[in-house]
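Chemist: This is the structure, below, for whatever I ask next.
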Amino acid sequence: MSAEREPSKPVVKRIYRWDLDKTYLQTEFDTIRQLVRTAFQKAHEKKAVPGAAALIRELKATGEAKLCIVSGSPTQMRTVLSEKLKLDGVEFDELVLKDNLRNLVRGRFKAMRGQVGYKLPVLLESRSRAPVEAEEVLFGDDAEADAFIYSLYADMVARRVSEPVVYRVLEAAEVYPDDIERVMERWKTIPEADPVRRIFINLDRLTPPAAFAHYGPRVVPIFNYFQAALVLLGDKHLNAPAVLRVMIELVQTAGYNLLTLSNSFQDLLRRGLPIGDVAQSLVEALQGPAAMFQVVRPVPDIIAAFSKRVVALGAQPAPVKSRDIDYLSLLDDARPRTHKKRRRFE
Amino acid sequence: MSAVAPVTIAFDVMGADHGPVEIVRGAAQLTLDTPHIHALLVGDRGQIDEALKTVRHNAERVAVHHAPEFVSMHEKPNTALEAKPNASVLVAAKLVKDGEAQAMVSAGNTGAGVLACARTFTLIPGVRRAALATVYPTAVGRGAKNDPFSLILDVGATVDASADDLVAFAVMGSAYAKIISKNEAPTVALLSNGTEAQKGPSRVVEANSKLQGLPGVRFIGNVEGVDIPKGTADVVVCDGFVGNVCLKMLEGVSETVMELAKYAYKEKLLWRAGLAMLSSGIERIKEVTDWEQYGGAPILGFDRLFIKAHGRSKARAIGNAGKVAARAVSHDLANAIQGMLPKA
């Protein structure tokens, strides 16, 4: 693993942890050709997922927040990835990349494609340096095992999962014994807390949201970062103008329109996300004097579009209740996507 | 995001033979395949959500509108719509009328669908009666797509059609075939009991006379029933009474042929062997004449489009019905029809 920067601020109240490929960056590496192309792309050729950069900028702008990136990209890509983030105006506090050259030299081929044995120790290590009261919001995608790893990490820190279960999970994920020991040791040093508020899963592969129902309401599959911004507004991590700025980036750079945005809003309502009250804050922000919102006017059309989507649904469903996650029944999710034992949603 | 203007199709999710799941699956697939098509799912919200949860879709292109009632297949359309003002098919039609969607698709009760359109939509100026059209597999291909299907209208919406109605049907059928079958100059014929212009009831004779030389319509005269499966004309025009009898007869013949084939298969080993040898050819015919690729039959004549999908439609047919509807909207079918109608 590579070196990390010193935190830029002494007081950290919130930590936002992001994956890169398919979460922040639009990356294709399903074929050898795509993999090679990705490896040789220059910073300006890399494309961020629409809205991701705007969302990170808004989250960082709240102050007292830290951006920690942990990615499966090789350490050799540090320069180009750092450049890309700089181009997007994203300031990170940690950027951890995977040292696959080391894995190759040591003949640890399972570690090269495994995600659990790589990300879990990195997350725990980072947590061990964080203030105990710091809240966390995690961002991943549906391409690998992010929902599983992030949930397990959250429940390990909160001591909602037992040692034997963690052992079995790590064994099933084909983590090498010395890495298992490393995870267990690091875990014991972390003070008990319940910091993880949300886990957003970017649906790069358009996996049906129900595929993540086993992870409870903490895990929120999203079709775009406007949805994440809405939920974070409901969770009071963002204010309404910040959400509108994310929306504007989607409209201006990715062709989003009233229809796609209002549909995204309604999708969250249908899934029982507690965002019923955010509509009013958005309306107030839109009606405010901020000149930048002129680009998304006429405001009455926006308000009408969102209101119609709410009215069309009739009564709201009850919010989904959280429950303990049975990790042993979800072991398939811990395996690499290409593993023959992994079940498919498609 | 696509550069093509987005089109929203309202899907009446309720009342089909296979329940809401197949309709939702078809619409969901459409949101993945065709970025410019948005699906507005109308029906019981709980059932729609349940179906959507487990199927791949793009939520940016899906909206749900709750409708607490629906008309089932066995209900009388008029009575049912009177008793159920919030029936999904009626709500869907109203949403189209209000501009929330540009066309609608339903696999539910046909009569209720037609009636919902009649109560909600407006007839195109120059059109007095709407027509229900259907496609029928023929022996020849036509248009850029080498489409084996001919269009027959009306097959049941207007039982008593006048000569002017038949002319309007000819124009509507021609415009539809141009857009959907990508057939630049579809041939149009009147269904009669002889090919001579003077044959048939007075309304058919009069329509024949009016269609001769009508600009924009490639009228080839009268055809007989035998010409329908031969594919002599791309668009076959008749009144709803004749069309419906004709359609049911064609369906009956098709079913009887299948029954005879089944009988032959059971009866003699030699016949079974013969059928087995023909199986790949039969499969090919099934592929070419697969009605699911068309998705459904349009109700023509209104300012908004309604595609009536078969009651037993599965997801693929529903998706294709949505594509046909979107194509008709993108090419502004209603305006195309109005432009081709004879000026009063």
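Chain lettering (A, B, ...) mirrors the order of the structure tokens, residue numbering begins at 1 for each chain separately, and ligand numbering begins at 1 in order of display.
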Taking 2 positions as the minimum chain separation for residues in the same chain, which residues sit within 12 Å of Thr207 (chain A) when counting only C-alpha atoms? Answer as a ChimeraX atom specification.

Modeler: /A:141-144,201-205,209-213,221-223,344-346 /B:32,52-59

Chemist: Would you write out those residues with N, CA and C atoms, as a JSON list (two decimals), in the first residue's frame?

Modeler:
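And here's part23.json as it stands now:
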[["chain", "number", "residue", "atom", "x", "y", "z"],
["A", 141, "ASP", "N", -19.71, 0.55, -5.53],
["A", 141, "ASP", "CA", -20.52, 0.22, -6.71],
["A", 141, "ASP", "C", -20.94, -1.23, -6.70],
["A", 142, "ASP", "N", -21.70, -1.61, -7.72],
["A", 142, "ASP", "CA", -22.27, -2.96, -7.76],
["A", 142, "ASP", "C", -21.42, -3.93, -8.58],
["A", 143, "ALA", "N", -20.21, -3.51, -8.95],
["A", 143, "ALA", "CA", -19.41, -4.37, -9.82],
["A", 143, "ALA", "C", -18.70, -5.47, -9.05],
["A", 144, "GLU", "N", -18.31, -5.19, -7.81],
["A", 144, "GLU", "CA", -17.58, -6.20, -7.05],
["A", 144, "GLU", "C", -18.28, -6.51, -5.74],
["A", 201, "ILE", "N", -24.32, 2.65, -3.09],
["A", 201, "ILE", "CA", -23.82, 1.74, -4.12],
["A", 201, "ILE", "C", -24.25, 2.27, -5.48],
["A", 202, "ASN", "N", -23.28, 2.73, -6.24],
["A", 202, "ASN", "CA", -23.57, 3.23, -7.59],
["A", 202, "ASN", "C", -23.90, 2.04, -8.50],
["A", 203, "LEU", "N", -25.10, 2.05, -9.07],
["A", 203, "LEU", "CA", -25.55, 0.89, -9.86],
["A", 203, "LEU", "C", -25.00, 0.97, -11.29],
["A", 204, "ASP", "N", -23.70, 0.79, -11.38],
["A", 204, "ASP", "CA", -23.02, 0.84, -12.69],
["A", 204, "ASP", "C", -23.56, -0.25, -13.61],
["A", 205, "ARG", "N", -23.83, -1.41, -13.06],
["A", 205, "ARG", "CA", -24.34, -2.54, -13.85],
["A", 205, "ARG", "C", -25.86, -2.63, -13.81],
["A", 209, "PRO", "N", -32.19, -3.00, -7.38],
["A", 209, "PRO", "CA", -31.96, -2.57, -5.99],
["A", 209, "PRO", "C", -32.26, -3.66, -4.96],
["A", 210, "ALA", "N", -33.24, -4.51, -5.25],
["A", 210, "ALA", "CA", -33.61, -5.54, -4.27],
["A", 210, "ALA", "C", -32.47, -6.49, -3.98],
["A", 211, "ALA", "N", -31.48, -6.55, -4.88],
["A", 211, "ALA", "CA", -30.34, -7.44, -4.66],
["A", 211, "ALA", "C", -29.55, -7.01, -3.42],
["A", 212, "PHE", "N", -29.77, -5.77, -2.96],
["A", 212, "PHE", "CA", -29.03, -5.28, -1.80],
["A", 212, "PHE", "C", -29.92, -5.20, -0.54],
["A", 213, "ALA", "N", -31.13, -5.73, -0.65],
["A", 213, "ALA", "CA", -32.08, -5.63, 0.47],
["A", 213, "ALA", "C", -31.54, -6.33, 1.72],
["A", 221, "PRO", "N", -28.73, 1.64, -2.80],
["A", 221, "PRO", "CA", -28.32, 1.60, -4.21],
["A", 221, "PRO", "C", -28.81, 2.85, -4.93],
["A", 222, "ILE", "N", -27.95, 3.43, -5.75],
["A", 222, "ILE", "CA", -28.33, 4.67, -6.44],
["A", 222, "ILE", "C", -28.08, 4.56, -7.94],
["A", 223, "PHE", "N", -28.95, 5.20, -8.71],
["A", 223, "PHE", "CA", -28.80, 5.21, -10.16],
["A", 223, "PHE", "C", -27.99, 6.43, -10.61],
["A", 344, "ARG", "N", -25.52, -14.80, -9.91],
["A", 344, "ARG", "CA", -25.73, -13.68, -10.81],
["A", 344, "ARG", "C", -27.12, -13.08, -10.59],
["A", 345, "PHE", "N", -27.22, -11.80, -10.80],
["A", 345, "PHE", "CA", -28.53, -11.15, -10.69],
["A", 345, "PHE", "C", -29.21, -11.06, -12.04],
["A", 346, "GLU", "N", -28.37, -10.95, -13.10],
["A", 346, "GLU", "CA", -28.96, -10.73, -14.42],
["A", 346, "GLU", "C", -29.68, -11.98, -14.90],
["B", 32, "LEU", "N", -33.71, 0.04, -20.66],
["B", 32, "LEU", "CA", -32.30, -0.33, -20.83],
["B", 32, "LEU", "C", -31.89, -0.27, -22.29],
["B", 52, "LEU", "N", -40.85, -4.26, -9.97],
["B", 52, "LEU", "CA", -39.67, -3.46, -10.37],
["B", 52, "LEU", "C", -38.43, -3.80, -9.55],
["B", 53, "LYS", "N", -38.67, -4.16, -8.27],
["B", 53, "LYS", "CA", -37.57, -4.42, -7.36],
["B", 53, "LYS", "C", -36.59, -5.45, -7.90],
["B", 54, "THR", "N", -37.12, -6.44, -8.56],
["B", 54, "THR", "CA", -36.29, -7.59, -8.91],
["B", 54, "THR", "C", -35.86, -7.61, -10.37],
["B", 55, "VAL", "N", -36.19, -6.58, -11.11],
["B", 55, "VAL", "CA", -35.86, -6.60, -12.52],
["B", 55, "VAL", "C", -34.90, -5.46, -12.85],
["B", 56, "ARG", "N", -33.94, -5.74, -13.72],
["B", 56, "ARG", "CA", -32.99, -4.68, -14.11],
["B", 56, "ARG", "C", -33.76, -3.60, -14.86],
["B", 57, "HIS", "N", -33.52, -2.38, -14.49],
["B", 57, "HIS", "CA", -34.16, -1.25, -15.16],
["B", 57, "HIS", "C", -33.34, 0.00, -14.90],
["B", 58, "ASN", "N", -33.65, 1.06, -15.61],
["B", 58, "ASN", "CA", -33.00, 2.33, -15.33],
["B", 58, "ASN", "C", -34.04, 3.25, -14.70],
["B", 59, "ALA", "N", -33.92, 3.46, -13.41],
["B", 59, "ALA", "CA", -34.94, 4.21, -12.68],
["B", 59, "ALA", "C", -35.05, 5.67, -13.15]]

Chemist: Enumerate as a PyMOL selection string the residues belonging to chain A that approach chain B to within 9 Å, with only C-alpha atoms taken into account.

Modeler: chain A and resi 205-211+223-224+254-256+259-267+270-271+309+311-314+345-346

Chemist: Could you take the residues named above and write them with N, CA and C atoms, as a short mmCIF file (atom, residue, chain, number, x, y, z; two decimals), in the first residue's frame?

Modeler:
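Final output, again09.cif:
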data_model
loop_
_atom_site.label_atom_id
_atom_site.label_comp_id
_atom_site.auth_asym_id
_atom_site.auth_seq_id
_atom_site.Cartn_x
_atom_site.Cartn_y
_atom_site.Cartn_z
N ARG A 205 -23.83 -1.41 -13.06
CA ARG A 205 -24.34 -2.54 -13.85
C ARG A 205 -25.86 -2.63 -13.81
N LEU A 206 -26.49 -1.63 -13.25
CA LEU A 206 -27.95 -1.58 -13.12
C LEU A 206 -28.52 -2.83 -12.44
N THR A 207 -27.80 -3.30 -11.44
CA THR A 207 -28.29 -4.41 -10.63
C THR A 207 -29.61 -3.98 -9.97
N PRO A 208 -30.63 -4.86 -9.97
CA PRO A 208 -31.88 -4.46 -9.31
C PRO A 208 -31.64 -4.10 -7.84
N PRO A 209 -32.19 -3.00 -7.38
CA PRO A 209 -31.96 -2.57 -5.99
C PRO A 209 -32.26 -3.66 -4.96
N ALA A 210 -33.24 -4.51 -5.25
CA ALA A 210 -33.61 -5.54 -4.27
C ALA A 210 -32.47 -6.49 -3.98
N ALA A 211 -31.48 -6.55 -4.88
CA ALA A 211 -30.34 -7.44 -4.66
C ALA A 211 -29.55 -7.01 -3.42
N PHE A 223 -28.95 5.20 -8.71
CA PHE A 223 -28.80 5.21 -10.16
C PHE A 223 -27.99 6.43 -10.61
N ASN A 224 -27.85 7.43 -9.73
CA ASN A 224 -27.03 8.60 -10.06
C ASN A 224 -26.73 9.34 -8.76
N ALA A 254 -24.15 16.16 -18.28
CA ALA A 254 -24.53 14.79 -18.63
C ALA A 254 -25.93 14.69 -19.23
N GLY A 255 -26.52 15.82 -19.59
CA GLY A 255 -27.81 15.78 -20.30
C GLY A 255 -29.00 15.39 -19.45
N TYR A 256 -28.87 15.46 -18.13
CA TYR A 256 -30.05 15.16 -17.30
C TYR A 256 -31.09 16.26 -17.50
N LEU A 259 -37.29 15.29 -16.41
CA LEU A 259 -37.88 13.96 -16.38
C LEU A 259 -36.99 12.97 -15.63
N THR A 260 -35.71 12.94 -16.00
CA THR A 260 -34.80 11.97 -15.38
C THR A 260 -34.57 12.31 -13.90
N LEU A 261 -34.54 13.60 -13.60
CA LEU A 261 -34.31 14.00 -12.21
C LEU A 261 -35.53 13.71 -11.34
N SER A 262 -36.72 14.03 -11.86
CA SER A 262 -37.92 13.78 -11.06
C SER A 262 -38.19 12.28 -10.93
N ASN A 263 -37.85 11.52 -11.97
CA ASN A 263 -37.98 10.06 -11.87
C ASN A 263 -37.02 9.50 -10.81
N SER A 264 -35.81 10.06 -10.77
CA SER A 264 -34.82 9.61 -9.78
C SER A 264 -35.33 9.89 -8.37
N PHE A 265 -35.94 11.05 -8.21
CA PHE A 265 -36.51 11.44 -6.92
C PHE A 265 -37.62 10.46 -6.52
N GLN A 266 -38.52 10.17 -7.49
CA GLN A 266 -39.64 9.28 -7.17
C GLN A 266 -39.15 7.86 -6.86
N ASP A 267 -38.10 7.43 -7.53
CA ASP A 267 -37.55 6.09 -7.29
C ASP A 267 -37.16 5.93 -5.82
N ARG A 270 -40.30 5.61 -3.71
CA ARG A 270 -40.91 4.28 -3.84
C ARG A 270 -40.17 3.24 -3.02
N ARG A 271 -38.86 3.44 -2.87
CA ARG A 271 -38.07 2.49 -2.11
C ARG A 271 -38.09 2.78 -0.61
N ARG A 309 -44.66 13.83 -9.15
CA ARG A 309 -44.14 12.49 -8.86
C ARG A 309 -44.50 12.04 -7.44
N VAL A 311 -47.29 13.13 -5.72
CA VAL A 311 -48.75 12.92 -5.70
C VAL A 311 -49.11 11.61 -6.41
N ALA A 312 -48.39 11.29 -7.49
CA ALA A 312 -48.71 10.10 -8.30
C ALA A 312 -48.62 8.81 -7.51
N LEU A 313 -47.88 8.85 -6.41
CA LEU A 313 -47.66 7.60 -5.66
C LEU A 313 -48.74 7.30 -4.63
N GLY A 314 -49.55 8.28 -4.30
CA GLY A 314 -50.52 8.05 -3.23
C GLY A 314 -49.79 8.02 -1.90
N PHE A 345 -27.22 -11.80 -10.80
CA PHE A 345 -28.53 -11.15 -10.69
C PHE A 345 -29.21 -11.06 -12.04
N GLU A 346 -28.37 -10.95 -13.10
CA GLU A 346 -28.96 -10.73 -14.42
C GLU A 346 -29.68 -11.98 -14.90
#

Chemist: Which residues, written as a PyMOL selection string, have at least one atom at most 9 Å from Lys119 (chain A), with only C-alpha atoms counted and residues fewer than 5 positions away on the same chain left out?

Modeler: chain A and resi 70-72+98+124+146+149-150

Chemist: Given the selection you just returned, output its residues as a file containing N, CA and C atoms, formatted as a PDB file, in the first residue's frame.

Modeler:
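Produced file selection-v5.pdb, reproduced below:
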ATOM      1  N   VAL A  70     -10.147   4.638  -1.369  1.00  0.00           N
ATOM      2  CA  VAL A  70      -9.478   3.340  -1.404  1.00  0.00           C
ATOM      3  C   VAL A  70      -9.923   2.641  -2.686  1.00  0.00           C
ATOM      4  N   SER A  71      -8.928   2.330  -3.500  1.00  0.00           N
ATOM      5  CA  SER A  71      -9.242   1.804  -4.827  1.00  0.00           C
ATOM      6  C   SER A  71      -8.428   0.560  -5.129  1.00  0.00           C
ATOM      7  N   GLY A  72      -8.994  -0.298  -5.948  1.00  0.00           N
ATOM      8  CA  GLY A  72      -8.296  -1.498  -6.392  1.00  0.00           C
ATOM      9  C   GLY A  72      -7.353  -1.232  -7.555  1.00  0.00           C
ATOM     10  N   LYS A  98      -3.844  -0.327  -4.695  1.00  0.00           N
ATOM     11  CA  LYS A  98      -3.491  -1.734  -4.448  1.00  0.00           C
ATOM     12  C   LYS A  98      -2.102  -2.042  -5.018  1.00  0.00           C
ATOM     13  N   LEU A 124     -10.065  -0.589   8.016  1.00  0.00           N
ATOM     14  CA  LEU A 124      -9.868  -0.680   9.467  1.00  0.00           C
ATOM     15  C   LEU A 124      -8.667   0.162   9.896  1.00  0.00           C
ATOM     16  N   ASP A 146     -18.501  -4.293  -2.870  1.00  0.00           N
ATOM     17  CA  ASP A 146     -18.478  -3.115  -1.993  1.00  0.00           C
ATOM     18  C   ASP A 146     -19.568  -3.134  -0.915  1.00  0.00           C
ATOM     19  N   ILE A 149     -18.395  -5.618   1.740  1.00  0.00           N
ATOM     20  CA  ILE A 149     -17.204  -5.193   2.495  1.00  0.00           C
ATOM     21  C   ILE A 149     -17.528  -4.002   3.399  1.00  0.00           C
ATOM     22  N   TYR A 150     -18.210  -3.011   2.840  1.00  0.00           N
ATOM     23  CA  TYR A 150     -18.538  -1.812   3.621  1.00  0.00           C
ATOM     24  C   TYR A 150     -19.455  -2.155   4.805  1.00  0.00           C
TER      25      TYR A 150
END

Chemist: Name the residues in contact with region 202-217 of chain B at a cut-off of 7 Å, using only C-alpha atoms, excluding same-chain residues fewer than 5 positions from it; report them as JSON, numbers by chain.

Modeler: {"B": [162, 163, 164, 166, 167, 171, 174, 197, 340]}

Chemist: Write out as a ChimeraX atom specification the residues lying within 8 Å of Ala16 (chain B), counting only C-alpha atoms and excluding same-chain residues fewer than 3 positions away.

Modeler: /B:13,19-20,72-73,106-109,311-313

Chemist: Can I get the selected residues back with C-alpha atoms, as a compact mmCIF listing (two decimals), in the first residue's frame?

Modeler:
# COMPACT_ATOMS: atom_id res chain seq x y z
CA VAL B 13 -49.90 -2.41 -16.07
CA GLY B 19 -50.55 -10.00 -14.56
CA PRO B 20 -48.47 -6.86 -13.94
CA SER B 72 -60.55 -7.23 -15.91
CA MET B 73 -60.88 -9.17 -19.18
CA SER B 106 -52.31 -1.79 -22.69
CA ALA B 107 -52.64 -5.57 -22.73
CA GLY B 108 -55.90 -5.47 -20.81
CA ASN B 109 -59.54 -5.48 -21.88
CA GLY B 311 -53.82 -10.06 -23.63
CA ARG B 312 -51.29 -12.88 -23.33
CA SER B 313 -48.33 -10.64 -24.19

Chemist: Identify which of the residues B:Gly322, B:Pro137, B:Gly156, B:Gly113 lies closest to Gly240 (chain B), counting only C-alpha atoms when measuring atom-to-atom distances.

Modeler: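 Answer, going by the shortest atom-to-atom distance: B:Gly156.
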
Chemist: Determine which residues of region 190-330 of chain B receive a DSSP assignment of strand (DSSP E), computed from the backbone, and state them as a PyMOL selection string.

Modeler: chain B and resi 190-191+218-223+235-237+296-300+305-309

Chemist: Please list as a PyMOL selection string every residue within 10 Å of Glu135 (chain A), counting only C-alpha atoms and excluding residues in the same chain fewer than 3 positions away.

Modeler: chain A and resi 12-16+65+130-132+193-198

Chemist: Any idea what's packed within 12 Å of Val105 (chain B), counting only C-alpha atoms, ignoring anything in its chain fewer than 4 positions away? Could you give it as a ChimeraX atom specification?

Modeler: /B:8-14,16,23-24,26-27,39-42,88-90,92-93,96,101,109-110,113-114,117,295-299,304-311,313,317-326

Chemist: Please produce a file of those selected residues containing C-alpha atoms, as a PDB file, in the first residue's frame.

Modeler:
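The file below, result.pdb, is the result:
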ATOM      1  CA  THR B   8     -42.812   8.830 -22.507  1.00  0.00           C
ATOM      2  CA  ILE B   9     -45.097   5.841 -22.971  1.00  0.00           C
ATOM      3  CA  ALA B  10     -47.835   5.174 -20.416  1.00  0.00           C
ATOM      4  CA  PHE B  11     -48.157   1.441 -19.748  1.00  0.00           C
ATOM      5  CA  ASP B  12     -51.441   0.207 -18.321  1.00  0.00           C
ATOM      6  CA  VAL B  13     -49.896  -2.411 -16.072  1.00  0.00           C
ATOM      7  CA  MET B  14     -53.119  -4.109 -14.968  1.00  0.00           C
ATOM      8  CA  ALA B  16     -53.386  -8.596 -18.730  1.00  0.00           C
ATOM      9  CA  ILE B  23     -45.817  -5.589 -18.375  1.00  0.00           C
ATOM     10  CA  VAL B  24     -43.327  -4.176 -15.876  1.00  0.00           C
ATOM     11  CA  GLY B  26     -41.247  -5.344 -20.777  1.00  0.00           C
ATOM     12  CA  ALA B  27     -41.248  -1.663 -19.872  1.00  0.00           C
ATOM     13  CA  ALA B  39     -41.917   4.361 -19.089  1.00  0.00           C
ATOM     14  CA  LEU B  40     -44.817   5.661 -17.028  1.00  0.00           C
ATOM     15  CA  LEU B  41     -46.234   2.626 -15.245  1.00  0.00           C
ATOM     16  CA  VAL B  42     -49.895   3.028 -14.333  1.00  0.00           C
ATOM     17  CA  SER B  88     -55.676   2.029 -14.698  1.00  0.00           C
ATOM     18  CA  VAL B  89     -56.569   2.152 -18.400  1.00  0.00           C
ATOM     19  CA  LEU B  90     -58.627   5.319 -17.920  1.00  0.00           C
ATOM     20  CA  ALA B  92     -53.316   6.083 -18.338  1.00  0.00           C
ATOM     21  CA  ALA B  93     -55.405   7.656 -21.100  1.00  0.00           C
ATOM     22  CA  VAL B  96     -51.568  10.868 -22.102  1.00  0.00           C
ATOM     23  CA  ALA B 101     -47.006  10.688 -21.665  1.00  0.00           C
ATOM     24  CA  ASN B 109     -59.544  -5.477 -21.878  1.00  0.00           C
ATOM     25  CA  THR B 110     -59.647  -4.252 -25.515  1.00  0.00           C
ATOM     26  CA  GLY B 113     -59.042   0.494 -23.888  1.00  0.00           C
ATOM     27  CA  VAL B 114     -60.922   1.704 -26.940  1.00  0.00           C
ATOM     28  CA  CYS B 117     -59.500   6.502 -25.639  1.00  0.00           C
ATOM     29  CA  GLY B 295     -46.128  -5.869 -29.930  1.00  0.00           C
ATOM     30  CA  GLY B 296     -49.673  -4.844 -30.565  1.00  0.00           C
ATOM     31  CA  ALA B 297     -52.357  -3.283 -32.667  1.00  0.00           C
ATOM     32  CA  PRO B 298     -52.861   0.479 -32.891  1.00  0.00           C
ATOM     33  CA  ILE B 299     -56.126   2.339 -32.413  1.00  0.00           C
ATOM     34  CA  ARG B 304     -53.015  10.395 -29.264  1.00  0.00           C
ATOM     35  CA  LEU B 305     -51.864   6.852 -29.953  1.00  0.00           C
ATOM     36  CA  PHE B 306     -52.986   3.720 -28.161  1.00  0.00           C
ATOM     37  CA  ILE B 307     -51.271   0.400 -28.863  1.00  0.00           C
ATOM     38  CA  LYS B 308     -53.381  -2.541 -27.774  1.00  0.00           C
ATOM     39  CA  ALA B 309     -51.061  -5.433 -26.955  1.00  0.00           C
ATOM     40  CA  HIS B 310     -52.348  -8.995 -26.969  1.00  0.00           C
ATOM     41  CA  GLY B 311     -53.820 -10.062 -23.628  1.00  0.00           C
ATOM     42  CA  SER B 313     -48.325 -10.643 -24.185  1.00  0.00           C
ATOM     43  CA  ALA B 317     -44.139  -8.107 -26.892  1.00  0.00           C
ATOM     44  CA  ILE B 318     -44.788  -5.315 -24.400  1.00  0.00           C
ATOM     45  CA  GLY B 319     -41.351  -3.837 -25.007  1.00  0.00           C
ATOM     46  CA  ASN B 320     -41.913  -3.942 -28.752  1.00  0.00           C
ATOM     47  CA  ALA B 321     -45.347  -2.353 -28.358  1.00  0.00           C
ATOM     48  CA  GLY B 322     -43.613   0.465 -26.494  1.00  0.00           C
ATOM     49  CA  LYS B 323     -41.061   0.840 -29.286  1.00  0.00           C
ATOM     50  CA  VAL B 324     -43.798   0.958 -31.945  1.00  0.00           C
ATOM     51  CA  ALA B 325     -45.662   3.587 -29.934  1.00  0.00           C
ATOM     52  CA  ALA B 326     -42.510   5.669 -29.472  1.00  0.00           C
TER      53      ALA B 326
END
